[in-house]
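As stored in model13.csv (CSV, C-alpha atoms and all ligand atoms):
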```
chain,number,residue,atom,x,y,z
K,1,MET,CA,6.6,32.2,-7.9
K,2,ASN,CA,5.7,28.8,-6.5
K,3,ASN,CA,2.0,27.9,-6.2
K,4,ILE,CA,1.3,26.3,-2.8
K,5,ILE,CA,-1.7,24.0,-2.9
K,6,ASN,CA,-3.3,22.6,0.3
K,7,SER,CA,-4.4,19.0,0.1
K,8,THR,CA,-7.9,18.1,1.2
K,9,GLY,CA,-6.8,15.1,3.4
K,10,PRO,CA,-8.5,14.1,6.8
K,11,ALA,CA,-8.7,17.0,9.3
K,12,GLN,CA,-6.5,15.3,11.9
K,13,ARG,CA,-3.6,14.9,9.5
K,14,PRO,CA,-1.3,17.9,9.1
K,15,ALA,CA,-1.9,19.8,5.9
K,16,ARG,CA,0.4,18.6,3.2
K,17,THR,CA,1.9,21.2,1.0
K,18,ILE,CA,2.9,20.6,-2.6
K,19,HIS,CA,5.4,23.0,-4.1
K,20,GLN,CA,4.8,23.2,-7.8
K,21,GLU,CA,7.8,24.3,-9.8
K,22,PRO,CA,7.0,27.2,-12.1
K,23,ALA,CA,7.0,26.1,-15.8
K,24,PRO,CA,10.5,26.6,-17.2
K,25,THR,CA,11.3,29.8,-19.0
K,26,ILE,CA,11.5,29.5,-22.8
K,27,TYR,CA,14.6,31.4,-24.0
K,28,LEU,CA,14.0,33.3,-27.2
K,29,ASP,CA,16.5,36.1,-26.7
K,30,TYR,CA,19.6,34.7,-28.5
K,31,ALA,CA,20.3,38.1,-30.1
K,32,ALA,CA,20.9,39.5,-26.6
K,33,THR,CA,23.2,36.7,-25.6
K,34,SER,CA,23.5,33.0,-26.0
K,35,PRO,CA,24.1,30.3,-23.4
K,36,ILE,CA,27.7,28.9,-23.4
K,37,ASP,CA,28.0,25.7,-25.4
K,38,PRO,CA,29.2,22.9,-23.1
K,39,ARG,CA,32.1,22.2,-25.5
K,40,VAL,CA,33.2,25.8,-25.1
K,41,LEU,CA,33.1,25.5,-21.4
K,42,GLU,CA,35.1,22.3,-21.4
K,43,LYS,CA,37.8,24.1,-23.5
K,44,MET,CA,37.9,27.0,-21.0
K,45,LEU,CA,38.1,25.2,-17.7
K,46,PRO,CA,41.8,24.2,-17.8
K,47,PHE,CA,42.7,27.8,-18.2
K,48,LEU,CA,40.8,28.7,-15.0
K,49,SER,CA,42.4,25.9,-13.1
K,50,ASN,CA,45.6,26.0,-11.0
K,51,GLU,CA,46.5,22.5,-12.2
K,52,GLY,CA,48.7,22.3,-15.2
K,53,TYR,CA,49.9,25.4,-17.1
K,54,GLY,CA,46.6,27.1,-18.0
K,55,TYR,CA,46.9,30.0,-15.5
K,56,ALA,CA,50.2,31.3,-17.0
K,57,ASN,CA,50.5,34.6,-18.7
K,58,PRO,CA,50.9,34.1,-22.4
K,59,ALA,CA,53.4,37.0,-22.5
K,60,SER,CA,55.8,35.1,-20.2
K,61,SER,CA,58.8,33.6,-21.9
K,62,HIS,CA,58.9,30.4,-19.7
K,63,ALA,CA,57.5,27.0,-20.8
K,64,TYR,CA,54.1,27.5,-19.2
K,65,GLY,CA,53.7,31.0,-20.8
K,66,LYS,CA,54.7,29.5,-24.2
K,67,LYS,CA,52.0,26.8,-23.9
K,68,VAL,CA,49.3,29.3,-23.2
K,69,ALA,CA,50.6,31.6,-26.0
K,70,GLU,CA,50.2,28.6,-28.4
K,71,ALA,CA,46.6,28.1,-27.2
K,72,ILE,CA,45.9,31.9,-27.9
K,73,GLU,CA,47.3,31.6,-31.4
K,74,GLU,CA,45.2,28.4,-32.0
K,75,ALA,CA,42.1,30.4,-31.0
K,76,ARG,CA,43.2,33.3,-33.3
K,77,SER,CA,43.4,30.9,-36.2
K,78,GLN,CA,39.9,29.5,-35.4
K,79,VAL,CA,38.5,33.0,-35.5
K,80,ALA,CA,40.4,33.9,-38.7
K,81,LYS,CA,39.2,30.7,-40.4
K,82,LEU,CA,35.6,31.6,-39.9
K,83,LEU,CA,36.2,34.9,-41.7
K,84,ASN,CA,38.7,33.5,-44.2
K,85,VAL,CA,41.6,35.9,-43.2
K,86,ASN,CA,45.1,35.7,-42.1
K,87,PRO,CA,45.2,35.2,-38.2
K,88,ALA,CA,47.6,38.2,-37.9
K,89,THR,CA,44.7,40.5,-38.9
K,90,ILE,CA,42.7,39.6,-35.8
K,91,LEU,CA,43.0,41.6,-32.5
K,92,TRP,CA,41.5,40.5,-29.2
K,93,THR,CA,39.3,43.0,-27.4
K,94,SER,CA,36.8,42.8,-24.5
K,95,GLY,CA,33.8,42.6,-26.9
K,96,ALA,CA,32.2,44.3,-29.8
K,97,THR,CA,31.6,47.5,-27.8
K,98,GLU,CA,35.3,47.9,-27.4
K,99,SER,CA,36.0,46.9,-31.0
K,100,ASN,CA,33.5,49.5,-32.2
K,101,ASN,CA,35.1,52.2,-30.0
K,102,LEU,CA,38.6,51.3,-31.1
K,103,SER,CA,37.6,51.2,-34.8
K,104,LEU,CA,35.9,54.6,-34.9
K,105,LYS,CA,38.1,56.5,-32.5
K,106,GLY,CA,41.3,54.7,-33.7
K,107,VAL,CA,40.7,55.5,-37.3
K,108,ALA,CA,39.4,59.0,-36.6
K,109,HIS,CA,42.4,60.0,-34.5
K,110,PHE,CA,44.9,58.5,-36.9
K,111,TYR,CA,43.5,59.9,-40.2
K,112,GLN,CA,42.1,63.2,-39.0
K,113,ARG,CA,44.7,65.1,-41.0
K,114,PHE,CA,43.0,63.8,-44.2
K,115,GLY,CA,39.5,64.8,-43.2
K,116,LYS,CA,37.1,64.8,-40.3
K,117,HIS,CA,33.9,63.4,-41.8
K,118,ILE,CA,32.4,60.0,-40.8
K,119,ILE,CA,29.3,58.3,-42.2
K,120,THR,CA,27.2,55.9,-40.2
K,121,CYS,CA,23.5,54.9,-40.0
K,122,GLN,CA,20.7,55.8,-37.6
K,123,THR,CA,20.0,52.2,-36.9
K,124,GLU,CA,23.4,51.3,-35.5
K,125,HIS,CA,24.1,49.8,-32.1
K,126,PRO,CA,24.6,52.4,-29.3
K,127,SER,CA,28.3,51.4,-29.2
K,128,ILE,CA,28.6,53.0,-32.6
K,129,LEU,CA,26.1,55.9,-32.1
K,130,ASP,CA,27.5,57.0,-28.7
K,131,THR,CA,31.1,56.7,-30.0
K,132,ALA,CA,30.1,58.8,-33.0
K,133,ALA,CA,28.5,61.4,-30.7
K,134,GLN,CA,31.8,61.5,-28.7
K,135,LEU,CA,33.8,62.1,-31.9
K,136,SER,CA,31.3,64.8,-32.9
K,137,ARG,CA,32.1,66.5,-29.5
K,138,GLU,CA,35.8,66.3,-30.5
K,139,GLY,CA,35.1,68.2,-33.7
K,140,PHE,CA,34.4,65.4,-36.2
K,141,GLU,CA,31.4,65.7,-38.5
K,142,ILE,CA,29.0,62.8,-38.5
K,143,THR,CA,26.4,62.0,-41.2
K,144,TYR,CA,23.7,59.5,-40.0
K,145,LEU,CA,22.0,57.8,-42.9
K,146,LYS,CA,18.3,57.2,-42.6
K,147,PRO,CA,17.3,53.7,-43.7
K,148,ASN,CA,14.1,53.1,-45.8
K,149,SER,CA,11.0,51.8,-44.0
K,150,GLN,CA,12.2,48.2,-44.4
K,151,GLY,CA,15.5,49.0,-42.6
K,152,LEU,CA,17.8,49.0,-45.6
K,153,ILE,CA,20.3,51.7,-46.5
K,154,GLU,CA,19.6,53.1,-50.0
K,155,LEU,CA,22.9,53.1,-51.8
K,156,GLN,CA,22.2,56.4,-53.5
K,157,HIS,CA,21.9,58.1,-50.1
K,158,LEU,CA,25.3,56.7,-49.1
K,159,GLN,CA,26.8,57.8,-52.5
K,160,ALA,CA,25.4,61.3,-52.0
K,161,ALA,CA,26.8,61.5,-48.5
K,162,LEU,CA,30.4,60.6,-49.4
K,163,ARG,CA,32.7,63.6,-49.5
K,164,PRO,CA,36.4,64.3,-50.2
K,165,ASP,CA,37.0,64.6,-46.4
K,166,THR,CA,35.2,61.4,-45.5
K,167,ILE,CA,37.6,59.1,-43.8
K,168,LEU,CA,35.4,56.3,-42.5
K,169,VAL,CA,32.0,54.7,-43.2
K,170,SER,CA,30.6,52.4,-40.4
K,171,ILE,CA,27.6,50.2,-41.2
K,172,MET,CA,26.4,47.2,-39.3
K,173,HIS,CA,26.0,43.9,-41.1
K,174,VAL,CA,22.9,42.4,-39.4
K,175,ASN,CA,20.7,44.6,-37.2
K,176,ASN,CA,20.4,43.4,-33.7
K,177,GLU,CA,16.7,44.4,-33.4
K,178,THR,CA,15.3,43.5,-36.7
K,179,GLY,CA,17.8,41.1,-38.2
K,180,ILE,CA,17.9,43.2,-41.4
K,181,ILE,CA,21.0,42.4,-43.5
K,182,GLN,CA,22.7,45.4,-45.2
K,183,ASP,CA,24.4,44.9,-48.6
K,184,ILE,CA,28.0,45.2,-47.3
K,185,GLY,CA,29.4,44.1,-50.7
K,186,ALA,CA,27.7,47.0,-52.5
K,187,ILE,CA,28.5,49.5,-49.7
K,188,GLY,CA,32.2,48.3,-49.7
K,189,SER,CA,32.4,48.7,-53.5
K,190,LEU,CA,31.5,52.4,-53.1
K,191,THR,CA,34.0,53.0,-50.3
K,192,ARG,CA,36.8,51.1,-52.0
K,193,GLU,CA,36.4,53.2,-55.2
K,194,ARG,CA,37.0,56.3,-53.2
K,195,GLU,CA,39.7,54.8,-50.9
K,196,ILE,CA,37.6,55.4,-47.8
K,197,PHE,CA,37.8,52.8,-45.0
K,198,LEU,CA,34.7,50.7,-44.3
K,199,HIS,CA,34.1,49.4,-40.7
K,200,VAL,CA,31.4,46.8,-40.2
K,201,ASP,CA,29.8,45.8,-36.9
K,202,ALA,CA,29.3,42.1,-37.5
K,203,THR,CA,28.3,41.1,-34.0
K,204,GLN,CA,25.0,39.7,-35.1
K,205,SER,CA,26.2,38.1,-38.3
K,206,VAL,CA,29.5,36.4,-37.5
K,207,GLY,CA,29.0,32.7,-37.2
K,208,LYS,CA,25.4,33.0,-38.3
K,209,ILE,CA,25.6,33.9,-42.0
K,210,PRO,CA,28.7,33.2,-44.2
K,211,ILE,CA,31.3,36.0,-44.2
K,212,ASP,CA,34.3,35.7,-46.6
K,213,LEU,CA,36.7,38.7,-46.1
K,214,GLN,CA,38.7,37.7,-49.2
K,215,THR,CA,35.7,38.8,-51.3
K,216,LEU,CA,33.9,41.3,-49.0
K,217,PRO,CA,35.5,44.7,-49.3
K,218,VAL,CA,35.7,45.5,-45.6
K,219,ASP,CA,38.6,47.1,-43.7
K,220,LEU,CA,37.6,46.7,-40.1
K,221,MET,CA,35.1,44.3,-38.6
K,222,SER,CA,33.9,44.0,-35.0
K,223,PHE,CA,32.5,40.8,-33.4
K,224,SER,CA,31.9,39.2,-30.1
K,225,ALA,CA,32.0,35.7,-28.6
K,226,HIS,CA,28.8,35.8,-26.5
K,227,LYS,CA,26.4,35.9,-29.4
K,228,ILE,CA,27.6,32.5,-30.7
K,229,TYR,CA,27.8,30.4,-27.5
K,230,GLY,CA,31.1,31.7,-26.3
K,231,PRO,CA,31.8,33.6,-23.0
K,232,LYS,CA,31.0,37.3,-22.4
K,233,GLY,CA,33.7,39.9,-22.1
K,234,ILE,CA,35.7,38.8,-25.1
K,235,GLY,CA,35.6,39.9,-28.7
K,236,GLY,CA,37.7,40.7,-31.7
K,237,LEU,CA,38.5,43.2,-34.4
K,238,TYR,CA,39.6,42.4,-37.9
K,239,LEU,CA,42.0,45.0,-39.3
K,240,ASN,CA,42.8,44.8,-43.0
K,241,ASP,CA,46.5,44.7,-43.9
K,242,ASN,CA,46.0,45.4,-47.6
K,243,PRO,CA,45.1,48.3,-47.8
K,244,ARG,CA,46.6,48.6,-44.3
K,245,VAL,CA,44.4,50.2,-41.6
K,246,ARG,CA,46.3,52.2,-39.0
K,247,LEU,CA,44.8,53.1,-35.6
K,248,ILE,CA,45.6,55.2,-32.6
K,249,PRO,CA,45.3,52.8,-29.7
K,250,GLN,CA,42.7,53.6,-27.0
K,251,MET,CA,44.4,51.5,-24.3
K,252,HIS,CA,48.1,51.9,-23.5
K,253,GLY,CA,50.3,49.6,-21.5
K,254,GLY,CA,52.3,46.4,-22.0
K,255,GLY,CA,52.4,46.4,-25.8
K,256,GLN,CA,50.1,43.3,-26.2
K,257,GLU,CA,48.2,42.9,-29.5
K,258,ARG,CA,50.8,44.8,-31.5
K,259,ALA,CA,50.5,47.7,-29.0
K,260,LEU,CA,47.0,48.4,-30.5
K,261,ARG,CA,45.2,47.0,-27.4
K,262,ALA,CA,47.3,46.7,-24.3
K,263,GLY,CA,46.4,44.4,-21.4
K,264,THR,CA,47.1,40.9,-20.2
K,265,LEU,CA,45.1,38.6,-22.5
K,266,ALA,CA,42.0,37.0,-21.1
K,267,THR,CA,43.2,33.5,-21.8
K,268,HIS,CA,40.2,31.4,-20.7
K,269,GLN,CA,37.8,33.7,-22.6
K,270,ILE,CA,40.0,33.7,-25.7
K,271,VAL,CA,40.3,29.9,-26.0
K,272,GLY,CA,36.5,29.7,-25.4
K,273,MET,CA,35.9,32.2,-28.2
K,274,GLY,CA,38.2,30.2,-30.5
K,275,LYS,CA,36.2,27.0,-29.8
K,276,ALA,CA,32.9,28.9,-30.3
K,277,PHE,CA,34.1,30.2,-33.7
K,278,GLU,CA,35.3,26.7,-34.7
K,279,LEU,CA,31.9,25.2,-33.8
K,280,ALA,CA,30.0,28.0,-35.6
K,281,ASN,CA,32.1,27.3,-38.7
K,282,ALA,CA,31.3,23.6,-38.6
K,283,GLU,CA,27.6,24.0,-37.8
K,284,MET,CA,26.5,27.2,-39.5
K,285,ASP,CA,24.7,25.6,-42.5
K,286,LYS,CA,22.7,23.2,-40.4
K,287,GLU,CA,22.0,25.8,-37.7
K,288,SER,CA,20.9,28.5,-40.1
K,289,ARG,CA,18.4,26.1,-41.7
K,290,GLN,CA,17.1,25.3,-38.2
K,291,MET,CA,16.8,28.9,-37.2
K,292,LEU,CA,15.0,29.8,-40.4
K,293,HIS,CA,12.6,26.9,-39.6
K,294,PHE,CA,11.9,28.3,-36.1
K,295,ARG,CA,11.5,31.9,-37.3
K,296,ASP,CA,9.1,30.9,-40.1
K,297,LYS,CA,7.2,28.6,-37.8
K,298,LEU,CA,6.6,31.3,-35.2
K,299,TRP,CA,5.7,33.8,-37.8
K,300,THR,CA,3.2,31.4,-39.5
K,301,GLY,CA,1.7,30.7,-36.1
K,302,ILE,CA,1.0,34.3,-35.3
K,303,CYS,CA,0.8,36.2,-38.5
K,304,ASN,CA,-3.0,35.9,-38.9
K,305,LEU,CA,-3.7,37.5,-35.5
K,306,PRO,CA,-5.4,40.9,-35.8
K,307,GLY,CA,-3.0,43.8,-36.1
K,308,VAL,CA,0.2,41.7,-36.3
K,309,HIS,CA,2.9,43.0,-38.7
K,310,LEU,CA,6.5,42.1,-39.4
K,311,ASN,CA,9.0,44.9,-38.8
K,312,GLY,CA,11.7,45.1,-41.5
K,313,HIS,CA,12.3,43.7,-44.9
K,314,PRO,CA,10.7,40.3,-45.5
K,315,GLU,CA,13.7,38.8,-47.3
K,316,HIS,CA,16.9,40.6,-46.4
K,317,ARG,CA,16.8,39.2,-42.8
K,318,ALA,CA,19.1,37.0,-40.8
K,319,PRO,CA,17.4,33.6,-40.0
K,320,GLY,CA,17.6,34.0,-36.2
K,321,ILE,CA,15.6,37.1,-35.5
K,322,LEU,CA,11.9,37.9,-35.8
K,323,ASN,CA,10.7,41.5,-35.0
K,324,VAL,CA,6.9,41.8,-34.8
K,325,ARG,CA,4.5,44.5,-33.8
K,326,PHE,CA,1.2,43.9,-32.2
K,327,GLU,CA,-0.7,47.0,-33.2
K,328,THR,CA,-3.9,46.3,-31.2
K,329,LEU,CA,-2.5,44.8,-28.1
K,330,GLU,CA,-1.9,46.5,-24.8
K,331,LYS,CA,1.8,46.0,-24.2
K,332,GLU,CA,1.8,45.8,-20.4
K,333,LYS,CA,-1.1,43.2,-20.4
K,334,VAL,CA,0.7,41.1,-23.0
K,335,LEU,CA,4.0,41.2,-21.1
K,336,GLN,CA,2.2,40.0,-17.9
K,337,HIS,CA,0.7,37.1,-19.9
K,338,LEU,CA,4.1,36.2,-21.5
K,339,THR,CA,6.2,35.9,-18.4
K,340,ARG,CA,7.3,32.4,-19.4
K,341,LEU,CA,8.9,33.7,-22.5
K,342,ALA,CA,12.3,35.3,-22.3
K,343,PHE,CA,12.3,37.7,-25.3
K,344,SER,CA,13.0,41.3,-25.9
K,345,SER,CA,10.5,44.1,-25.8
K,346,ALA,CA,13.4,46.5,-26.7
K,347,SER,CA,17.0,46.0,-27.7
K,348,ALA,CA,18.8,44.3,-24.7
K,349,CYS,CA,21.0,47.4,-24.4
K,350,VAL,CA,18.1,49.8,-23.8
K,351,SER,CA,15.6,47.5,-22.1
K,352,THR,CA,16.4,49.0,-18.8
K,353,THR,CA,14.9,52.3,-20.0
K,354,THR,CA,11.4,53.1,-21.2
K,355,GLU,CA,12.7,54.5,-24.4
K,356,THR,CA,11.2,53.0,-27.6
K,357,SER,CA,13.5,51.5,-30.2
K,358,HIS,CA,15.6,54.1,-32.1
K,359,VAL,CA,15.9,51.4,-34.8
K,360,LEU,CA,12.2,51.1,-35.4
K,361,ARG,CA,11.7,54.9,-35.2
K,362,ALA,CA,14.4,55.5,-37.8
K,363,MET,CA,12.5,53.1,-40.1
K,364,GLY,CA,9.5,55.5,-39.7
K,365,LEU,CA,7.4,53.7,-37.0
K,366,LYS,CA,5.5,56.0,-34.7
K,367,ASN,CA,6.4,55.8,-31.0
K,368,GLU,CA,3.3,53.9,-30.0
K,369,LEU,CA,3.9,51.2,-32.7
K,370,ALA,CA,7.6,50.9,-31.9
K,371,HIS,CA,6.4,50.5,-28.2
K,372,ARG,CA,4.3,47.5,-29.2
K,373,SER,CA,7.1,45.7,-31.1
K,374,PHE,CA,8.8,42.6,-29.8
K,375,ARG,CA,12.0,40.7,-30.8
K,376,PHE,CA,12.1,37.0,-30.7
K,377,SER,CA,15.5,35.4,-31.5
K,378,PHE,CA,16.4,31.7,-31.8
K,379,GLY,CA,19.5,29.6,-31.5
K,380,ARG,CA,21.3,26.3,-31.0
K,381,PHE,CA,19.2,25.1,-28.1
K,382,THR,CA,15.8,26.2,-29.3
K,383,THR,CA,13.3,23.4,-29.8
K,384,ASP,CA,10.1,22.9,-31.8
K,385,GLU,CA,8.3,22.6,-28.4
K,386,ASP,CA,9.6,26.0,-27.4
K,387,ILE,CA,8.1,27.5,-30.6
K,388,ASP,CA,4.8,25.6,-30.1
K,389,THR,CA,4.5,27.0,-26.5
K,390,ALA,CA,5.4,30.5,-27.7
K,391,ILE,CA,2.6,30.3,-30.4
K,392,ASP,CA,0.1,29.1,-27.8
K,393,LEU,CA,0.9,31.9,-25.4
K,394,LEU,CA,1.0,34.6,-28.1
K,395,THR,CA,-2.3,33.5,-29.7
K,396,SER,CA,-4.0,33.4,-26.3
K,397,SER,CA,-2.7,36.9,-25.3
K,398,PRO,CA,-5.2,39.3,-23.9
K,399,THR,CA,-6.1,42.2,-26.2
C,1,LIG,C1,25.1,44.8,-33.2
C,1,LIG,C2,25.8,44.8,-31.9
C,1,LIG,N1,26.9,45.5,-31.8
C,1,LIG,C3,27.6,45.6,-30.6
C,1,LIG,C4,27.1,44.9,-29.5
C,1,LIG,C5,27.9,45.0,-28.2
C,1,LIG,O1,28.6,43.7,-28.1
C,1,LIG,P1,29.4,43.4,-26.7
C,1,LIG,O2,28.3,42.9,-25.8
C,1,LIG,O3,30.3,42.3,-27.1
C,1,LIG,O4,30.1,44.6,-26.2
C,1,LIG,C6,26.0,44.1,-29.6
C,1,LIG,C7,25.4,43.5,-28.4
C,1,LIG,O5,24.2,43.5,-28.1
C,1,LIG,C8,25.3,44.1,-30.8
C,1,LIG,O6,24.2,43.4,-31.0
```

When written as structure tokens, how does the structure in this file appear?
Ligand SMILES: Cc1ncc(COP(=O)(O)O)c(C=O)c1O
Amino acid sequence: MNNIINSTGPAQRPARTIHQEPAPTIYLDYAATSPIDPRVLEKMLPFLSNEGYGYANPASSHAYGKKVAEAIEEARSQVAKLLNVNPATILWTSGATESNNLSLKGVAHFYQRFGKHIITCQTEHPSILDTAAQLSREGFEITYLKPNSQGLIELQHLQAALRPDTILVSIMHVNNETGIIQDIGAIGSLTREREIFLHVDATQSVGKIPIDLQTLPVDLMSFSAHKIYGPKGIGGLYLNDNPRVRLIPQMHGGGQERALRAGTLATHQIVGMGKAFELANAEMDKESRQMLHFRDKLWTGICNLPGVHLNGHPEHRAPGILNVRFETLEKEKVLQHLTRLAFSSASACVSTTTETSHVLRAMGLKNELAHRSFRFSFGRFTTDEDIDTAIDLLTSSPT
């Protein structure tokens, strides 16, 4: 809202009004989505233009189509390079929600003759939990592991849950609300020993922490462009070719993406995603140090306030996310005071509802404490001044 201030000039002169721009919003919600990097936008624009060849369909056999197909394959290689895999193992999808749906339903439907048991975790993203619920309505049996109070899965719980009819384990890498990093290497060793497929939702880890799929025992991995400065509505799925993962497709049509995901490819988004992954690969080391600096600076600035506690494990956390509970504060009053800060008072996907976080409740937090928890997340365009202002606002919040 603009503040309108009347000047106190001479009575005969018309009153002068000064429109004060509101102070700019400080964006600390990178885990919900990130702004597009200008270098990504630049890469995308020719594919949205009618000049040149960029508008052509990459499935067309004419010269324009072939050029666009080359750009698509370059992007596939950029994505594959970040994960250290063969480009042929990457499928384009519309985002991590679709990749998660395709992974769970695709594997369940293909391998159901070997068993109908699937294991996942209570703290997964809704695109896993709701897909698992759908499979349960179709007759699959789902075990939901409960994490410990710091958000980590206990390996012995997973071990005890594995059964001869288990066909898939799906565990997220970095939690979108708390930033907790699961030990995918150890989980994958257990699933590989038993020849059970492991799917990993890596939407919050890809491009932020190193992932090497030559050493990490993962069979399917979901990811998205818009969490790492790429466009929304585009994502990918890694499908291991050794051991080979088979899927029943969920989308049927023109045979694109090895007939596993039909539909004309979203060329501008795909080239943007490729560029975003290339940049993440080049800048990950520097950026993760920077995010760690912002996370620790914000925490140091507020941790001595009364009733302030960190949610989640103090070490096994991604650098870009800080989840804090303010036990003694009145949430509505605090939110009114913090309107300059764009952050999350629930996960982005549920912030339109008044439900408290299923993630924090699964970690054992009572409803009223989960309700007083906030997620701050940092990224490429965060500055020290942003964090200073956030600390000032948080430390002067009403109680
Ligand atoms: C962990 C996780 N999985 C899946 C998704 C869904 O991703 P998309 O928006 O690409 O569908 C998100 C987005 O918030 C996420 O954080």

Near-ligand residues for ligand LIG 1 (chain C), threshold 10 Å, only C-alpha atoms and all ligand atoms, as an MDAnalysis selection string: chainID K and resid 30:33 93:101 123:128 171:177 179 200:205 222:227 231:236 347:350

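Closest approach to Ile167 of chain K among K:Ser396, K:Thr120, K:Gln134, K:Gln150: K:Thr120, based on all atoms listed in the file.
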
Within 9 Å of Gly54 of chain K using all atoms listed in the file, minus same-chain residues under 2 positions, as a ChimeraX atom specification: /K:45-52,56-57,64-65,67-68,267-268

Exercise: Thr383 of chain K partners within 10 Å, all atoms listed in the file, chain neighbours under 6 positions left out, as an MDAnalysis selection string: chainID K and resid 26:27 290:291 294

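Between atom CA of Asp219 of chain K and atom CA of Ala186 of chain K the interatomic distance comes to 14.0 Å.
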
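Minimum atom-to-atom distances from K:Val79, K:Leu341, K:Leu152, K:Leu213 to Pro24 of chain K were compared using all atoms listed in the file, and the lowest value belongs to K:Leu341.
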
Contacts of His293 of chain K within 12 Å, all atoms listed in the file, excl. fewer than 2 positions in-chain, as a PyMOL selection string: chain K and resi 286-291+295-300+319-322+378-379+382-384+387

Selection near segment 393-395 of chain K, 12 Å with only C-alpha atoms, sequence-local residues under 3 positions removed, as a ChimeraX atom specification: /K:26,298-306,308,324-326,329,333-341,374,376,386-390,398-399

Please list, as a PDB file with C-alpha atoms, keeping the file's coordinate frame, the residues that have an atom at most 12 Å away from (19.4, 53.9, -42.5) in the coordinates of this file, counting only C-alpha atoms.
```
ATOM      1  CA  ILE K 119      29.300  58.300 -42.200  1.00  0.00           C
ATOM      2  CA  THR K 120      27.200  55.900 -40.200  1.00  0.00           C
ATOM      3  CA  CYS K 121      23.500  54.900 -40.000  1.00  0.00           C
ATOM      4  CA  GLN K 122      20.700  55.800 -37.600  1.00  0.00           C
ATOM      5  CA  THR K 123      20.000  52.200 -36.900  1.00  0.00           C
ATOM      6  CA  GLU K 124      23.400  51.300 -35.500  1.00  0.00           C
ATOM      7  CA  THR K 143      26.400  62.000 -41.200  1.00  0.00           C
ATOM      8  CA  TYR K 144      23.700  59.500 -40.000  1.00  0.00           C
ATOM      9  CA  LEU K 145      22.000  57.800 -42.900  1.00  0.00           C
ATOM     10  CA  LYS K 146      18.300  57.200 -42.600  1.00  0.00           C
ATOM     11  CA  PRO K 147      17.300  53.700 -43.700  1.00  0.00           C
ATOM     12  CA  ASN K 148      14.100  53.100 -45.800  1.00  0.00           C
ATOM     13  CA  SER K 149      11.000  51.800 -44.000  1.00  0.00           C
ATOM     14  CA  GLN K 150      12.200  48.200 -44.400  1.00  0.00           C
ATOM     15  CA  GLY K 151      15.500  49.000 -42.600  1.00  0.00           C
ATOM     16  CA  LEU K 152      17.800  49.000 -45.600  1.00  0.00           C
ATOM     17  CA  ILE K 153      20.300  51.700 -46.500  1.00  0.00           C
ATOM     18  CA  GLU K 154      19.600  53.100 -50.000  1.00  0.00           C
ATOM     19  CA  LEU K 155      22.900  53.100 -51.800  1.00  0.00           C
ATOM     20  CA  GLN K 156      22.200  56.400 -53.500  1.00  0.00           C
ATOM     21  CA  HIS K 157      21.900  58.100 -50.100  1.00  0.00           C
ATOM     22  CA  LEU K 158      25.300  56.700 -49.100  1.00  0.00           C
ATOM     23  CA  SER K 170      30.600  52.400 -40.400  1.00  0.00           C
ATOM     24  CA  ILE K 171      27.600  50.200 -41.200  1.00  0.00           C
ATOM     25  CA  MET K 172      26.400  47.200 -39.300  1.00  0.00           C
ATOM     26  CA  ASN K 175      20.700  44.600 -37.200  1.00  0.00           C
ATOM     27  CA  ILE K 180      17.900  43.200 -41.400  1.00  0.00           C
ATOM     28  CA  ILE K 181      21.000  42.400 -43.500  1.00  0.00           C
ATOM     29  CA  GLN K 182      22.700  45.400 -45.200  1.00  0.00           C
ATOM     30  CA  ASP K 183      24.400  44.900 -48.600  1.00  0.00           C
ATOM     31  CA  GLY K 312      11.700  45.100 -41.500  1.00  0.00           C
ATOM     32  CA  HIS K 358      15.600  54.100 -32.100  1.00  0.00           C
ATOM     33  CA  VAL K 359      15.900  51.400 -34.800  1.00  0.00           C
ATOM     34  CA  LEU K 360      12.200  51.100 -35.400  1.00  0.00           C
ATOM     35  CA  ARG K 361      11.700  54.900 -35.200  1.00  0.00           C
ATOM     36  CA  ALA K 362      14.400  55.500 -37.800  1.00  0.00           C
ATOM     37  CA  MET K 363      12.500  53.100 -40.100  1.00  0.00           C
ATOM     38  CA  GLY K 364       9.500  55.500 -39.700  1.00  0.00           C
TER      39      GLY K 364
END
```

Generate N, CA and C atoms for segment 44-49 of chain K and emit them as a short mmCIF file (atom, residue, chain, number, x, y, z; two decimals), in the coordinates of the input.
```cif
data_model
loop_
_atom_site.label_atom_id
_atom_site.label_comp_id
_atom_site.auth_asym_id
_atom_site.auth_seq_id
_atom_site.Cartn_x
_atom_site.Cartn_y
_atom_site.Cartn_z
N MET K 44 37.46 25.91 -21.88
CA MET K 44 37.90 27.00 -21.00
C MET K 44 38.44 26.57 -19.67
N LEU K 45 37.84 25.51 -19.12
CA LEU K 45 38.10 25.20 -17.70
C LEU K 45 39.57 25.00 -17.35
N PRO K 46 40.39 24.30 -18.16
CA PRO K 46 41.80 24.20 -17.80
C PRO K 46 42.52 25.51 -17.65
N PHE K 47 41.99 26.53 -18.31
CA PHE K 47 42.70 27.80 -18.20
C PHE K 47 42.18 28.65 -17.03
N LEU K 48 41.24 28.06 -16.28
CA LEU K 48 40.80 28.70 -15.00
C LEU K 48 41.26 27.88 -13.83
N SER K 49 42.04 26.85 -14.10
CA SER K 49 42.40 25.90 -13.10
C SER K 49 43.90 26.20 -12.66
#
```
